[in-house]
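Asks: I am sharing input_9.tsv, which consists of TSV, C-alpha atoms and all ligand atoms:
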chain	number	residue	atom	x	y	z
C	155	MET	CA	85.22	71.20	65.67
C	156	GLY	CA	88.32	69.07	66.02
C	157	PRO	CA	91.82	68.92	64.56
C	158	SER	CA	92.17	69.51	60.81
C	159	ARG	CA	94.94	66.96	60.38
C	160	VAL	CA	95.27	63.32	61.47
C	161	LEU	CA	98.68	61.65	61.42
C	162	LEU	CA	98.91	57.88	61.85
C	163	ALA	CA	102.01	56.19	63.21
C	164	ALA	CA	103.32	53.25	61.21
C	165	PRO	CA	104.00	50.62	62.33
C	166	ARG	CA	101.19	50.47	64.86
C	167	GLY	CA	98.76	47.87	66.18
C	168	TYR	CA	98.92	44.10	65.90
C	169	CYS	CA	102.31	42.43	66.15
C	170	ALA	CA	103.12	38.96	64.88
C	171	GLY	CA	102.72	37.41	68.36
C	172	VAL	CA	99.25	38.87	68.89
C	173	ASP	CA	98.15	37.96	65.39
C	174	ARG	CA	99.23	34.37	66.01
C	175	ALA	CA	97.54	34.16	69.43
C	176	VAL	CA	94.20	35.53	68.20
C	177	GLU	CA	94.28	33.28	65.13
C	178	THR	CA	95.06	30.32	67.37
C	179	VAL	CA	91.85	30.80	69.36
C	180	GLU	CA	89.82	31.40	66.18
C	181	HIS	CA	91.15	28.21	64.61
C	182	ALA	CA	90.66	26.24	67.83
C	183	LEU	CA	86.99	27.28	67.89
C	184	GLU	CA	86.56	26.24	64.25
C	185	ILE	CA	88.39	22.93	64.63
C	186	TYR	CA	87.26	21.72	68.06
C	187	GLY	CA	83.99	23.64	68.46
C	188	LYS	CA	82.72	25.49	71.54
C	189	PRO	CA	83.77	25.91	74.23
C	190	VAL	CA	87.46	26.60	74.02
C	191	TYR	CA	88.89	27.76	77.34
C	192	VAL	CA	91.57	30.44	77.35
C	193	ARG	CA	93.76	31.01	80.38
C	194	LYS	CA	93.91	34.79	81.02
C	195	GLU	CA	93.18	37.34	78.32
C	196	ILE	CA	94.65	35.88	75.14
C	197	VAL	CA	96.08	39.36	74.47
C	198	HIS	CA	95.58	42.47	76.60
C	199	ASN	CA	92.72	44.02	74.67
C	200	LYS	CA	89.11	44.16	75.85
C	201	HIS	CA	87.65	44.39	72.35
C	202	VAL	CA	89.52	41.29	71.16
C	203	VAL	CA	88.49	39.33	74.25
C	204	HIS	CA	84.80	40.29	73.85
C	205	GLU	CA	84.79	39.32	70.17
C	206	LEU	CA	86.25	35.89	70.97
C	207	GLU	CA	83.78	35.43	73.84
C	208	LYS	CA	80.94	35.99	71.39
C	209	ARG	CA	82.34	33.18	69.27
C	210	GLY	CA	82.49	30.71	72.16
C	211	ALA	CA	85.79	31.26	73.96
C	212	ILE	CA	85.62	31.13	77.77
C	213	PHE	CA	88.29	33.15	79.55
C	214	VAL	CA	89.45	31.91	82.94
C	215	ASP	CA	92.01	33.20	85.36
C	216	GLN	CA	93.66	29.88	86.17
C	217	GLU	CA	94.01	26.50	84.50
C	218	THR	CA	92.48	24.97	87.66
C	219	GLU	CA	89.13	26.52	86.65
C	220	VAL	CA	89.00	24.55	83.39
C	221	PRO	CA	86.85	21.39	83.61
C	222	GLU	CA	88.87	18.15	83.44
C	223	GLY	CA	89.67	16.94	79.96
C	224	GLU	CA	88.71	20.20	78.18
C	225	MET	CA	90.72	22.23	75.69
C	226	VAL	CA	92.65	25.27	76.97
C	227	VAL	CA	94.74	27.82	75.14
C	228	PHE	CA	97.58	29.58	76.97
C	229	SER	CA	97.87	33.29	76.23
C	230	ALA	CA	100.56	35.16	74.27
C	231	HIS	CA	102.21	36.30	77.52
C	232	GLY	CA	103.50	32.85	78.41
C	233	VAL	CA	103.03	30.61	81.43
C	234	ALA	CA	105.19	29.13	84.17
C	235	PRO	CA	106.08	25.41	83.98
C	236	SER	CA	103.78	24.87	86.99
C	237	VAL	CA	100.82	25.83	84.77
C	238	HIS	CA	101.69	23.07	82.29
C	239	ALA	CA	102.01	20.66	85.20
C	240	ASN	CA	98.59	21.63	86.61
C	241	ALA	CA	97.04	21.26	83.17
C	242	ALA	CA	98.53	17.78	82.79
C	243	LYS	CA	97.12	16.76	86.20
C	244	ARG	CA	93.66	17.82	85.02
C	245	HIS	CA	94.11	15.98	81.70
C	246	LEU	CA	93.54	19.21	79.82
C	247	ARG	CA	94.25	19.35	76.12
C	248	THR	CA	96.51	22.38	75.74
C	249	ILE	CA	97.52	24.72	72.96
C	250	ASP	CA	100.31	27.12	73.82
C	251	ALA	CA	99.91	30.50	72.12
C	252	THR	CA	102.89	32.02	73.94
C	253	CYS	CA	104.63	34.47	71.62
C	254	PRO	CA	107.90	32.91	70.38
C	255	LEU	CA	109.71	36.06	71.55
C	256	VAL	CA	108.48	35.45	75.10
C	257	THR	CA	109.49	31.79	74.82
C	258	LYS	CA	112.99	33.01	73.90
C	259	VAL	CA	113.19	34.81	77.26
C	260	HIS	CA	112.00	31.66	79.08
C	261	VAL	CA	114.77	29.70	77.38
C	262	GLU	CA	117.33	32.28	78.53
C	263	ALA	CA	115.98	32.09	82.09
C	264	ARG	CA	116.32	28.29	82.11
C	265	LYS	CA	119.85	28.49	80.74
C	266	PHE	CA	121.04	31.10	83.23
C	267	ALA	CA	119.40	29.18	86.08
C	268	ALA	CA	121.11	25.95	85.03
C	269	ASP	CA	124.44	27.79	84.96
C	270	GLY	CA	123.93	28.92	88.55
C	271	TYR	CA	123.27	32.62	87.98
C	272	THR	CA	121.04	34.90	90.03
C	273	ILE	CA	118.62	36.15	87.39
C	274	VAL	CA	117.67	39.81	87.54
C	275	LEU	CA	114.40	40.13	85.66
C	276	ILE	CA	113.65	43.70	84.59
C	277	GLY	CA	109.88	44.06	84.33
C	278	HIS	CA	106.62	45.11	85.94
C	279	GLU	CA	105.39	43.36	89.04
C	280	GLY	CA	102.14	41.48	88.56
C	281	HIS	CA	102.32	41.39	84.74
C	282	GLU	CA	101.47	37.93	83.41
C	283	GLU	CA	104.60	37.73	81.33
C	284	VAL	CA	106.73	38.44	84.41
C	285	GLU	CA	104.87	35.78	86.40
C	286	GLY	CA	105.44	33.23	83.63
C	287	THR	CA	109.13	34.03	83.19
C	288	THR	CA	109.78	34.07	86.95
C	289	GLY	CA	108.17	30.65	87.15
C	290	GLU	CA	111.04	29.15	85.15
C	291	ALA	CA	113.42	29.59	88.10
C	292	PRO	CA	111.53	31.20	91.00
C	293	GLU	CA	114.25	30.56	93.58
C	294	GLN	CA	116.92	32.23	91.48
C	295	THR	CA	114.98	35.18	90.06
C	296	VAL	CA	114.67	38.70	91.47
C	297	LEU	CA	112.50	41.38	89.89
C	298	VAL	CA	113.71	44.94	89.43
C	299	GLN	CA	111.52	47.72	88.10
C	300	THR	CA	113.71	50.80	88.48
C	301	GLU	CA	117.31	51.94	88.81
C	302	ALA	CA	116.64	52.40	92.54
C	303	ASP	CA	115.71	48.71	92.76
C	304	VAL	CA	119.12	47.90	91.26
C	305	ASP	CA	120.78	49.97	93.99
C	306	ASP	CA	118.88	48.03	96.64
C	307	LEU	CA	119.74	44.60	95.22
C	308	GLU	CA	121.40	42.18	97.60
C	309	VAL	CA	122.81	39.06	95.99
C	310	GLU	CA	124.84	36.13	97.15
C	311	ASP	CA	127.53	36.32	94.48
C	312	PRO	CA	127.90	39.70	92.71
C	313	ASP	CA	129.99	38.02	90.00
C	314	LYS	CA	127.24	35.60	89.06
C	315	ILE	CA	124.45	37.89	87.87
C	316	ALA	CA	122.47	37.53	84.65
C	317	TYR	CA	119.72	39.85	83.47
C	318	ILE	CA	116.72	39.34	81.23
C	319	THR	CA	113.78	41.63	80.54
C	320	GLN	CA	110.07	41.69	79.87
C	321	THR	CA	109.48	42.09	76.12
C	322	THR	CA	107.27	45.18	76.23
C	323	LEU	CA	109.24	47.70	78.29
C	324	SER	CA	110.36	51.21	77.49
C	325	VAL	CA	113.52	50.88	75.40
C	326	ASP	CA	115.16	53.97	76.92
C	327	GLU	CA	114.24	53.25	80.54
C	328	THR	CA	115.42	49.65	80.25
C	329	SER	CA	118.80	50.63	78.85
C	330	SER	CA	119.29	52.97	81.84
C	331	ILE	CA	118.41	50.14	84.23
C	332	ILE	CA	120.82	47.76	82.46
C	333	ALA	CA	123.56	50.41	82.53
C	334	ARG	CA	123.04	50.87	86.28
C	335	LEU	CA	123.14	47.09	86.76
C	336	LYS	CA	126.42	46.81	84.87
C	337	GLU	CA	127.86	49.67	86.90
C	338	ARG	CA	127.04	47.87	90.16
C	339	PHE	CA	127.85	44.38	88.87
C	340	PRO	CA	130.50	44.72	86.13
C	341	ASN	CA	130.44	40.98	85.45
C	342	ALA	CA	126.68	40.86	84.86
C	343	VAL	CA	125.78	39.00	81.70
C	344	GLY	CA	122.71	39.34	79.50
C	345	PRO	CA	121.13	37.87	76.40
C	346	LYS	CA	122.96	38.18	73.05
C	347	THR	CA	120.28	40.52	71.73
C	348	ASP	CA	117.81	42.64	73.62
C	349	ASP	CA	114.71	40.95	75.05
C	350	ILE	CA	112.51	43.92	74.19
C	351	CYS	CA	110.72	42.70	71.09
C	352	TYR	CA	110.86	44.19	67.60
C	353	ALA	CA	107.20	45.33	67.79
C	354	THR	CA	107.66	47.24	71.05
C	355	THR	CA	110.86	48.84	69.75
C	356	ASN	CA	109.35	49.82	66.40
C	357	ARG	CA	106.14	51.24	67.89
C	358	GLN	CA	108.09	53.33	70.40
C	359	HIS	CA	110.36	54.65	67.68
C	360	ALA	CA	107.35	55.53	65.51
C	361	VAL	CA	105.53	57.32	68.33
C	362	LYS	CA	108.62	59.43	69.09
C	363	GLU	CA	108.57	60.80	65.55
C	364	LEU	CA	104.82	61.21	65.68
C	365	ALA	CA	104.89	63.12	68.98
C	366	GLU	CA	107.32	65.62	67.50
C	367	GLN	CA	104.78	66.54	64.81
C	368	CYS	CA	101.54	66.56	66.83
C	369	GLU	CA	100.15	68.45	69.80
C	370	LEU	CA	98.17	65.42	70.90
C	371	VAL	CA	98.83	61.68	70.49
C	372	LEU	CA	96.03	59.20	71.18
C	373	VAL	CA	97.09	55.63	71.82
C	374	ILE	CA	94.48	52.91	71.32
C	375	GLY	CA	94.98	50.11	73.79
C	376	SER	CA	93.66	48.66	77.01
C	377	THR	CA	94.84	49.86	80.40
C	378	ASN	CA	96.48	46.50	81.22
C	379	SER	CA	98.50	46.53	77.98
C	380	SER	CA	102.12	47.16	78.93
C	381	ASN	CA	103.35	48.18	75.48
C	382	SER	CA	100.40	50.60	75.02
C	383	ASN	CA	101.14	52.35	78.31
C	384	ARG	CA	104.75	52.74	77.25
C	385	LEU	CA	103.63	54.44	74.02
C	386	VAL	CA	101.77	57.10	76.03
C	387	GLU	CA	104.86	57.72	78.18
C	388	VAL	CA	107.15	57.96	75.16
C	389	ALA	CA	104.80	60.41	73.39
C	390	ARG	CA	104.70	62.62	76.49
C	391	GLU	CA	108.50	62.50	76.85
C	392	HIS	CA	108.75	63.71	73.26
C	393	GLY	CA	106.68	66.82	73.64
C	394	SER	CA	103.09	65.87	73.01
C	395	ALA	CA	100.05	65.50	75.24
C	396	SER	CA	98.98	61.87	75.15
C	397	HIS	CA	96.18	59.62	76.38
C	398	LEU	CA	95.41	55.91	76.32
C	399	ILE	CA	91.91	55.07	75.09
C	400	ASP	CA	90.05	51.85	74.37
C	401	ASN	CA	88.14	53.42	71.50
C	402	HIS	CA	86.86	56.71	70.00
C	403	LEU	CA	84.05	56.92	72.59
C	404	GLN	CA	86.63	57.76	75.24
C	405	VAL	CA	87.96	60.93	73.56
C	406	HIS	CA	87.37	63.95	75.83
C	407	GLU	CA	86.32	67.22	74.21
C	408	SER	CA	88.71	69.13	76.46
C	409	TRP	CA	91.69	67.28	74.96
C	410	LEU	CA	90.94	68.68	71.50
C	411	GLU	CA	90.89	72.40	72.31
C	412	GLY	CA	93.41	74.23	70.13
C	413	ILE	CA	94.72	71.01	68.54
C	414	GLU	CA	95.61	71.28	64.83
C	415	THR	CA	97.24	67.87	64.35
C	416	VAL	CA	96.28	64.78	66.25
C	417	GLY	CA	98.51	61.72	66.12
C	418	ILE	CA	97.12	58.21	66.41
C	419	THR	CA	98.87	54.98	67.21
C	420	SER	CA	97.82	51.68	68.73
C	421	GLY	CA	99.38	49.08	70.98
C	422	ALA	CA	100.49	45.67	69.75
C	423	SER	CA	97.21	44.07	70.87
C	424	ALA	CA	94.79	46.67	69.43
C	425	PRO	CA	92.93	45.81	66.21
C	426	GLU	CA	93.07	48.19	63.26
C	427	GLU	CA	89.28	48.60	63.09
C	428	LEU	CA	89.47	50.67	66.30
C	429	VAL	CA	91.96	53.00	64.61
C	430	GLU	CA	89.68	53.29	61.58
C	431	LYS	CA	86.74	54.28	63.81
C	432	LEU	CA	88.87	56.91	65.53
C	433	VAL	CA	89.95	58.36	62.17
C	434	ALA	CA	86.29	58.44	61.03
C	435	PHE	CA	85.40	60.23	64.31
C	436	PHE	CA	87.87	63.01	63.49
C	437	GLN	CA	86.79	63.18	59.84
C	438	GLU	CA	83.19	63.69	60.95
C	439	ARG	CA	84.43	66.57	63.06
C	440	GLY	CA	86.16	68.30	60.15
C	441	ALA	CA	89.58	66.66	59.72
C	442	THR	CA	90.42	66.93	56.04
C	443	GLU	CA	93.92	65.53	55.90
C	444	VAL	CA	94.76	61.99	56.98
C	445	SER	CA	98.27	60.69	56.39
C	446	GLU	CA	100.70	58.12	57.68
C	447	LEU	CA	104.16	58.63	59.16
C	448	ARG	CA	106.06	55.42	58.48
C	449	THR	CA	109.36	54.84	60.24
C	450	VAL	CA	109.97	51.20	59.34
C	451	ASN	CA	108.39	48.31	57.40
C	452	GLU	CA	107.55	45.18	59.37
C	453	ASP	CA	107.26	41.76	57.79
C	454	VAL	CA	107.51	39.45	60.82
C	455	ARG	CA	105.17	36.44	60.85
C	456	PHE	CA	105.11	33.51	63.24
C	457	MET	CA	103.89	30.01	62.48
C	458	LEU	CA	100.76	28.88	64.28
C	459	PRO	CA	101.22	26.41	67.17
C	460	GLY	CA	101.97	22.84	66.02
C	461	GLU	CA	98.59	21.41	67.17
C	462	ILE	CA	96.69	23.85	64.97
C	463	ARG	CA	99.02	23.41	62.01
C	464	LYS	CA	98.59	19.65	62.16
C	465	GLU	CA	94.79	19.92	62.21
C	466	LEU	CA	94.77	22.42	59.36
C	467	ALA	CA	97.09	20.22	57.28
C	468	GLY	CA	94.83	17.22	57.99
C	469	SER	CA	91.72	19.08	56.88
C	470	GLY	CA	93.45	20.33	53.74
C	471	ALA	CA	92.77	23.95	54.79
M	501	LIG	S1	104.43	42.58	71.80
M	501	LIG	FE1	106.30	41.49	71.17
M	501	LIG	S2	106.58	39.84	72.65
M	501	LIG	FE2	104.46	40.59	72.87
M	501	LIG	S3	103.26	39.28	71.53
M	501	LIG	FE3	103.87	41.02	70.31
M	501	LIG	S4	105.78	40.38	69.27
M	501	LIG	FE4	105.41	38.98	70.97
In structure tokens, how does this file's structure come out?
Replies:
Amino acid sequence: MGPSRVLLAAPRGYCAGVDRAVETVEHALEIYGKPVYVRKEIVHNKHVVHELEKRGAIFVDQETEVPEGEMVVFSAHGVAPSVHANAAKRHLRTIDATCPLVTKVHVEARKFAADGYTIVLIGHEGHEEVEGTTGEAPEQTVLVQTEADVDDLEVEDPDKIAYITQTTLSVDETSSIIARLKERFPNAVGPKTDDICYATTNRQHAVKELAEQCELVLVIGSTNSSNSNRLVEVAREHGSASHLIDNHLQVHESWLEGIETVGITSGASAPEELVEKLVAFFQERGATEVSELRTVNEDVRFMLPGEIRKELAGSGA
């Protein structure tokens, strides 16, 4: 037997940037035919990547692995200018599926760099988005991951500091890091509005409410998905046990002992069909009540990249 009640966080799952990136690869396959190369995972979700592979997408780690003259799509996480330069050298045809909210951070980085600031990038080392953003001004950018990193910062001019952040961080943790930064460097400047995107913020807010009503929160998402990992942390901080799973096959029996209400949410790159399968899994095990806990309505949509829009307009689609 399992929990009798299933509570779904809303909003959950796909954000506008992921939707756009996945649709970009789908359209590219339809318009240009196989193969379409994709640099890195288009979004951090194994299921999505496998589905696109079945349809003819070839995922590579670097643009230098793409045969000369072929088509390559850049992932939602964004790329450094050096990647565009390498692609041009190889005469690759490129489609940039970088989320517009990541592009906004790149624009800020360029602006701060041009104005002579040391840029403090708050983010996770090794994450593709951080690599791409750092690449805008590598000489002027330093990465901090914690408040302790802020304490250890050594900069040339303490009055010329600007900060920017990765889009998928913990809202609470990031505001503590920014507060610490402003304490140490009172003249530090930042973007007009937060760099943490609407989807990350909304999903974290929803999972807080969910965690308060459930003994267990399951988050569907892949282990390399930053925003999904943050959802697990936030659920735990708000009183619930929580685990990150790729799909219903990864649920452990031991997690369900004594659980009356299980909460479900999903990261911004996890498709809804995985949530549906997890709900069905609990229904088969006796859950009789399935309801949704909505904290906000989302209606954000992004236009497809220009190359795709032009082709679709030309074909009358
Ligand atoms: S999580 Fe946010 S920044 Fe990342 S793709 Fe989605 S909307 Fe864009």
Asks: Using only C-alpha atoms and all ligand atoms, find each residue of chain C with at least one atom at most 8 Å away from an atom of ligand LIG 501 (chain M); report its shortest atom-to-atom pair and that distance in Å (one decimal), sort the rows by chain and rising residue number, and return the result as JSON lines.
Replies:
{"residue": "C:Tyr168", "atom": "CA", "partner": "M:LIG501", "partner_atom": "FE3", "distance": 7.3}
{"residue": "C:Cys169", "atom": "CA", "partner": "M:LIG501", "partner_atom": "FE3", "distance": 4.7}
{"residue": "C:Ala170", "atom": "CA", "partner": "M:LIG501", "partner_atom": "S4", "distance": 5.3}
{"residue": "C:Gly171", "atom": "CA", "partner": "M:LIG501", "partner_atom": "S3", "distance": 3.7}
{"residue": "C:Val172", "atom": "CA", "partner": "M:LIG501", "partner_atom": "S3", "distance": 4.8}
{"residue": "C:Ala175", "atom": "CA", "partner": "M:LIG501", "partner_atom": "S3", "distance": 8.0}
{"residue": "C:Val197", "atom": "CA", "partner": "M:LIG501", "partner_atom": "S3", "distance": 7.8}
{"residue": "C:Ala230", "atom": "CA", "partner": "M:LIG501", "partner_atom": "S3", "distance": 5.6}
{"residue": "C:His231", "atom": "CA", "partner": "M:LIG501", "partner_atom": "FE2", "distance": 6.7}
{"residue": "C:Thr252", "atom": "CA", "partner": "M:LIG501", "partner_atom": "S3", "distance": 7.7}
{"residue": "C:Cys253", "atom": "CA", "partner": "M:LIG501", "partner_atom": "FE4", "distance": 4.6}
{"residue": "C:Pro254", "atom": "CA", "partner": "M:LIG501", "partner_atom": "FE4", "distance": 6.6}
{"residue": "C:Leu255", "atom": "CA", "partner": "M:LIG501", "partner_atom": "S2", "distance": 5.0}
{"residue": "C:Val256", "atom": "CA", "partner": "M:LIG501", "partner_atom": "S2", "distance": 5.4}
{"residue": "C:Thr321", "atom": "CA", "partner": "M:LIG501", "partner_atom": "S2", "distance": 5.1}
{"residue": "C:Thr322", "atom": "CA", "partner": "M:LIG501", "partner_atom": "S1", "distance": 5.9}
{"residue": "C:Ile350", "atom": "CA", "partner": "M:LIG501", "partner_atom": "FE1", "distance": 7.3}
{"residue": "C:Cys351", "atom": "CA", "partner": "M:LIG501", "partner_atom": "FE1", "distance": 4.6}
{"residue": "C:Tyr352", "atom": "CA", "partner": "M:LIG501", "partner_atom": "FE1", "distance": 6.4}
{"residue": "C:Ala353", "atom": "CA", "partner": "M:LIG501", "partner_atom": "FE1", "distance": 5.2}
{"residue": "C:Thr354", "atom": "CA", "partner": "M:LIG501", "partner_atom": "S1", "distance": 5.7}
{"residue": "C:Asn381", "atom": "CA", "partner": "M:LIG501", "partner_atom": "S1", "distance": 6.8}
{"residue": "C:Ala422", "atom": "CA", "partner": "M:LIG501", "partner_atom": "S1", "distance": 5.4}
{"residue": "C:Ser423", "atom": "CA", "partner": "M:LIG501", "partner_atom": "FE3", "distance": 7.3}
Asks: Quick one: residues within 8 Å of region 415-420 of chain C, all atoms listed in the file, excluding same-chain residues fewer than 5 positions away - as a list of chain:residue names?
Replies: C:Pro157, C:Ser158, C:Arg159, C:Val160, C:Leu161, C:Leu162, C:Ala163, C:Ala164, C:Arg166, C:Gly167, C:Val361, C:Leu364, C:Ala365, C:Gln367, C:Cys368, C:Glu369, C:Leu370, C:Val371, C:Leu372, C:Val373, C:Ile374, C:Gly375, C:Ser382, C:Val429
Asks: With a distance cut-off of 7 Å and all atoms listed in the file, select the neighbouring residues of region 313-316 of chain C, excluding the residue or stretch itself and same-chain residues fewer than 6 positions from it, and output the selection as a list in words.
Replies: Phe266, Tyr271, Thr272, Ile273, Val274, Phe339, Asn341, Ala342, Val343 and Gly344 of chain C
Asks: Taking 5 positions as the minimum chain separation for residues in the same chain, which residues sit within 12 Å of region 302-312 of chain C when counting only C-alpha atoms? Answer as number ranges by chain.
Replies: C: 270-278, 294-297, 317, 328, 330-343
Asks: (87.1, 70.2, 66.5) in this file's frame - what residues fall within 12 Å of it? Use only C-alpha atoms and give the answer as a ChimeraX atom specification.
Replies: /C:155-160,405-416,435-442
